[in-house]
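Visitor: Dumping the structure here so I can ask a few things about it.
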Amino acid sequence: MLGLLYFGRLEKEKWFDGIIEMIERFWKELPVEIFIFGSWSGEKRIQELANENSNIHFFWRQSLDTIKRYISNCNYCLMPSECLETFGLSALNAIQRWLPVIWYAKWGLKDFIDPKLDITHQPWTTTGQKLYNLIKVCTDPKKNSTFQHFNISTFQQYSKDSRIVNFHTLAGKEVKKIIIVSDFINKIWGIETYINDAKQLLEDHGYEVELCGGTVPSWPLGKFMKYLGIITGMWNFYEAIKLKRKIQNTKPDLIRYNSVMRYLGRATIQVSRYSTAKKRMMIHDLGYFYPFPSQLTSEHQIKTPFTRKHFLASYPTKNPLKKLAIIGKYLSLWLIKQQAQKRMDTFLVPSGFMKDIVHTSYKIDNEKIKIFPHFIQE
């Protein structure tokens, strides 16, 4: 029996409903088991499906160490995302453990999915139908073929050792003390867990690292806070004062802004003027350029350069609440853009295709935009 693995947020924005559709419509026709690790709004439906079928195993949100124990039971990893992904971090963590990934091979995911496992050109219309068709091929020994095994060089360029070498090159020898600034710093979502791992990696190599940011509660309050923070970030002087004090006490050599869009806002960038430290901004979220990034399925939807006219036109809607939200987000992003252009020495992007988006949207010199990919988490 074929084993499938999914780990991540059980969210519509991650298009997890494509997996739910596949299970609801076709599960009885597939000789497979699926091991699901995650939490958020899809928990209830997955638990119901698991109660109905013994071949569906739901473990809620677990650590990578726990997930790794089930990899030997699996043949493929499902990586749902129809939205434009900036980097395939979860896919990278899967294939590093020799678990090929099934999904759409495009944008940030395209380097991590074998063409034979790309559901883009599968027949039928919906994601659930396409996924069913490809899994059916994988279960048929007459049609299935040996899929690409990624060679060791693929992993080396995303290893922790490569990450440190890249960091040394960008940072220079004079950097010893670092402040990483991020909207939320508790381990609740993928990128928040990731920056804690990045902090540990840097400390293992002799750097002094401090995190600065908010703490978000669990779902559903956490989701409400995440979206409300996009607006309230315009006036988040409390976190800015906290960061200013940390800068004064720590006297860092480098301030890296991991994320400021969802909670911290422009004031936390503005206070960096009190420091002579190097300043960098990582842009890994296309919400900096588009109103609703979870509905962004092509880079052509991003209208450039970043102006009020282009931002409003990029997502036409007659819904007055959505219009108000888009206007509010534009104001918040415009303030962030103004401060980032003034204060940042370097802008970091996880994938090459994002360089042009940052350059044409925010009018940043190409020389100031560096590709700085994520690394494999152990």
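Going through the structure tokens in order, the chains are called A, B, and so on, while each chain numbers its residues from 1 and the ligands are numbered from 1 in the order shown.
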Would you write out, as a tab-separated table, a table of all residues in stretch 103-219 of chain A that have an atom no more than 12 Å from an atom of stretch 271-279 of chain A, listing for each the closest atom pair and the distance in Å to one decimal, considering only C-alpha atoms and ordering rows by chain and rising residue number?

Guide:
residue	atom	partner	partner_atom	distance
A:Leu170	CA	A:Lys278	CA	10.5
A:Ala171	CA	A:Lys278	CA	8.3
A:Gly172	CA	A:Lys278	CA	10.2
A:Glu174	CA	A:Lys278	CA	10.3
A:Val175	CA	A:Lys278	CA	8.6
A:Lys176	CA	A:Ala277	CA	10.8
A:Lys177	CA	A:Ala277	CA	9.4
A:Ile178	CA	A:Ala277	CA	9.0
A:Ile179	CA	A:Lys279	CA	9.8
A:Ile180	CA	A:Lys279	CA	10.2
A:Val181	CA	A:Lys279	CA	10.7

Visitor: Those residues you just picked out, can you put them in a file as a PDB file, in the first residue's frame with C-alpha atoms?

Guide:
ATOM      1  CA  LEU A 170      27.087  38.801   3.138  1.00  0.00           C
ATOM      2  CA  ALA A 171      27.743  39.840   6.726  1.00  0.00           C
ATOM      3  CA  GLY A 172      31.480  40.329   6.730  1.00  0.00           C
ATOM      4  CA  GLU A 174      32.851  42.559  11.686  1.00  0.00           C
ATOM      5  CA  VAL A 175      29.358  41.202  12.402  1.00  0.00           C
ATOM      6  CA  LYS A 176      29.124  39.471  15.791  1.00  0.00           C
ATOM      7  CA  LYS A 177      25.900  40.714  17.396  1.00  0.00           C
ATOM      8  CA  ILE A 178      22.617  40.307  15.535  1.00  0.00           C
ATOM      9  CA  ILE A 179      19.002  41.258  16.182  1.00  0.00           C
ATOM     10  CA  ILE A 180      16.408  39.365  14.122  1.00  0.00           C
ATOM     11  CA  VAL A 181      13.138  41.291  13.960  1.00  0.00           C
TER      12      VAL A 181
END

Visitor: Residues near A:Leu348, anyone? I mean within 9 Å using only C-alpha atoms, not counting same-chain ones fewer than 6 positions away, as a tab-separated table (two decimals) with C-alpha atoms, in the first residue's frame.

Guide:
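Resulting contents of around.tsv:
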chain	number	residue	atom	x	y	z
A	280	ARG	CA	18.72	43.94	5.98
A	281	MET	CA	15.17	43.06	5.07
A	282	MET	CA	14.06	39.58	4.04
A	283	ILE	CA	11.09	39.61	1.67
A	284	HIS	CA	9.63	36.11	1.60
A	355	LYS	CA	14.37	39.71	-7.57
A	368	LYS	CA	20.95	45.73	-3.26
A	369	ILE	CA	18.80	42.60	-3.81
A	370	LYS	CA	20.49	39.31	-2.88
A	371	ILE	CA	19.22	35.74	-3.21
A	372	PHE	CA	19.44	34.14	0.22
A	373	PRO	CA	17.66	30.75	0.15

Visitor: Near A:Ile56, within 12 Å and counting only C-alpha atoms, which residues show up once chain neighbours fewer than 6 positions away are dropped, as a list in words?

Guide: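 The contact residues come out as Gly3, Leu4, Leu5, Tyr6, Ile19, Ile20, Ile23, Glu24, Trp27, Lys28, Leu30, Pro31, Val32, Glu33, Ile34, Phe35, Ile36, Phe37, Arg45, Ile46, Gln47, Glu48, Leu49 and Ala50 of chain A.
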
Visitor: Restrict the selected residues to N, CA and C atoms and save them as a compact mmCIF listing (two decimals), in the first residue's frame.

Guide:
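Listed below is the output, out_12.txt:
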# COMPACT_ATOMS: atom_id res chain seq x y z
N GLY A 3 2.15 4.96 0.74
CA GLY A 3 2.04 5.88 1.87
C GLY A 3 2.26 7.32 1.44
N LEU A 4 1.37 8.22 1.87
CA LEU A 4 1.46 9.64 1.55
C LEU A 4 1.64 10.43 2.84
N LEU A 5 2.43 11.48 2.78
CA LEU A 5 2.68 12.33 3.94
C LEU A 5 2.27 13.76 3.64
N TYR A 6 1.61 14.41 4.60
CA TYR A 6 1.38 15.86 4.54
C TYR A 6 1.73 16.45 5.89
N ILE A 19 -6.64 18.41 -1.07
CA ILE A 19 -6.45 17.08 -0.49
C ILE A 19 -7.76 16.56 0.08
N ILE A 20 -8.51 17.44 0.75
CA ILE A 20 -9.81 17.03 1.31
C ILE A 20 -10.75 16.56 0.19
N ILE A 23 -9.76 13.10 -0.96
CA ILE A 23 -10.16 12.07 0.00
C ILE A 23 -11.67 11.84 -0.06
N GLU A 24 -12.45 12.90 -0.08
CA GLU A 24 -13.90 12.77 -0.04
C GLU A 24 -14.45 12.08 -1.30
N TRP A 27 -11.26 8.42 -2.26
CA TRP A 27 -10.42 7.66 -1.33
C TRP A 27 -10.64 6.16 -1.43
N LYS A 28 -11.87 5.72 -1.62
CA LYS A 28 -12.17 4.29 -1.66
C LYS A 28 -11.56 3.61 -2.88
N LEU A 30 -8.47 4.29 -4.00
CA LEU A 30 -7.01 4.36 -3.93
C LEU A 30 -6.47 3.45 -2.82
N PRO A 31 -5.57 2.54 -3.16
CA PRO A 31 -4.94 1.69 -2.15
C PRO A 31 -3.78 2.42 -1.46
N VAL A 32 -4.10 3.45 -0.68
CA VAL A 32 -3.07 4.27 -0.06
C VAL A 32 -3.43 4.58 1.39
N GLU A 33 -2.39 4.94 2.14
CA GLU A 33 -2.55 5.50 3.47
C GLU A 33 -2.02 6.93 3.44
N ILE A 34 -2.59 7.80 4.27
CA ILE A 34 -2.08 9.17 4.35
C ILE A 34 -1.85 9.54 5.81
N PHE A 35 -0.69 10.13 6.07
CA PHE A 35 -0.30 10.56 7.41
C PHE A 35 -0.28 12.08 7.41
N ILE A 36 -1.15 12.69 8.20
CA ILE A 36 -1.35 14.14 8.17
C ILE A 36 -0.91 14.76 9.49
N PHE A 37 -0.02 15.74 9.40
CA PHE A 37 0.45 16.48 10.57
C PHE A 37 0.16 17.96 10.34
N ARG A 45 -12.53 18.81 9.94
CA ARG A 45 -12.92 17.96 8.82
C ARG A 45 -11.97 16.78 8.67
N ILE A 46 -10.69 17.00 8.87
CA ILE A 46 -9.73 15.91 8.76
C ILE A 46 -9.96 14.87 9.86
N GLN A 47 -10.26 15.33 11.07
CA GLN A 47 -10.53 14.40 12.15
C GLN A 47 -11.76 13.55 11.84
N GLU A 48 -12.78 14.17 11.24
CA GLU A 48 -13.98 13.42 10.85
C GLU A 48 -13.64 12.36 9.80
N LEU A 49 -12.84 12.73 8.82
CA LEU A 49 -12.45 11.77 7.77
C LEU A 49 -11.59 10.65 8.34
N ALA A 50 -10.71 11.00 9.29
CA ALA A 50 -9.87 9.98 9.93
C ALA A 50 -10.73 9.01 10.74

Visitor: Would you give me, as a VMD selection string, the residues in stretch 247-307 of chain A that DSSP reads as alpha helix (DSSP H)?

Guide: chain A and resid 247 to 250 267 to 270

Visitor: How would the residues just picked look written out with C-alpha atoms as an mmCIF file, in the first residue's frame?

Guide:
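Resulting contents of selection22.cif:
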data_model
loop_
_atom_site.group_PDB
_atom_site.id
_atom_site.type_symbol
_atom_site.label_atom_id
_atom_site.label_comp_id
_atom_site.auth_asym_id
_atom_site.auth_seq_id
_atom_site.Cartn_x
_atom_site.Cartn_y
_atom_site.Cartn_z
ATOM 1 C CA ILE A 247 19.120 48.225 19.974
ATOM 2 C CA GLN A 248 20.455 50.635 22.602
ATOM 3 C CA ASN A 249 21.243 47.824 25.048
ATOM 4 C CA THR A 250 22.617 45.291 22.577
ATOM 5 C CA ALA A 267 7.814 52.206 13.115
ATOM 6 C CA THR A 268 10.079 49.241 13.904
ATOM 7 C CA ILE A 269 12.043 49.997 10.735
ATOM 8 C CA GLN A 270 12.130 53.702 11.501
#

Visitor: Ranking A:Thr193, A:Tyr132, A:Phe353, A:Thr125 by minimum distance to A:Ile102 and counting only C-alpha atoms, which one comes first?

Guide: A:Tyr132

Visitor: Given only C-alpha atoms as the basis, pick out the residue of A:Met344, A:Val216, A:Leu10, A:Ile113 nearest to A:Glu192.

Guide: A:Val216

Visitor: Restricting the calculation to only C-alpha atoms, which member of A:Thr346, A:Gln200, A:Asn133, A:Gln96 is positioned closest to A:Gln157?

Guide: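 When distances to A:Gln157 are compared using only C-alpha atoms, the smallest one comes from A:Gln96.
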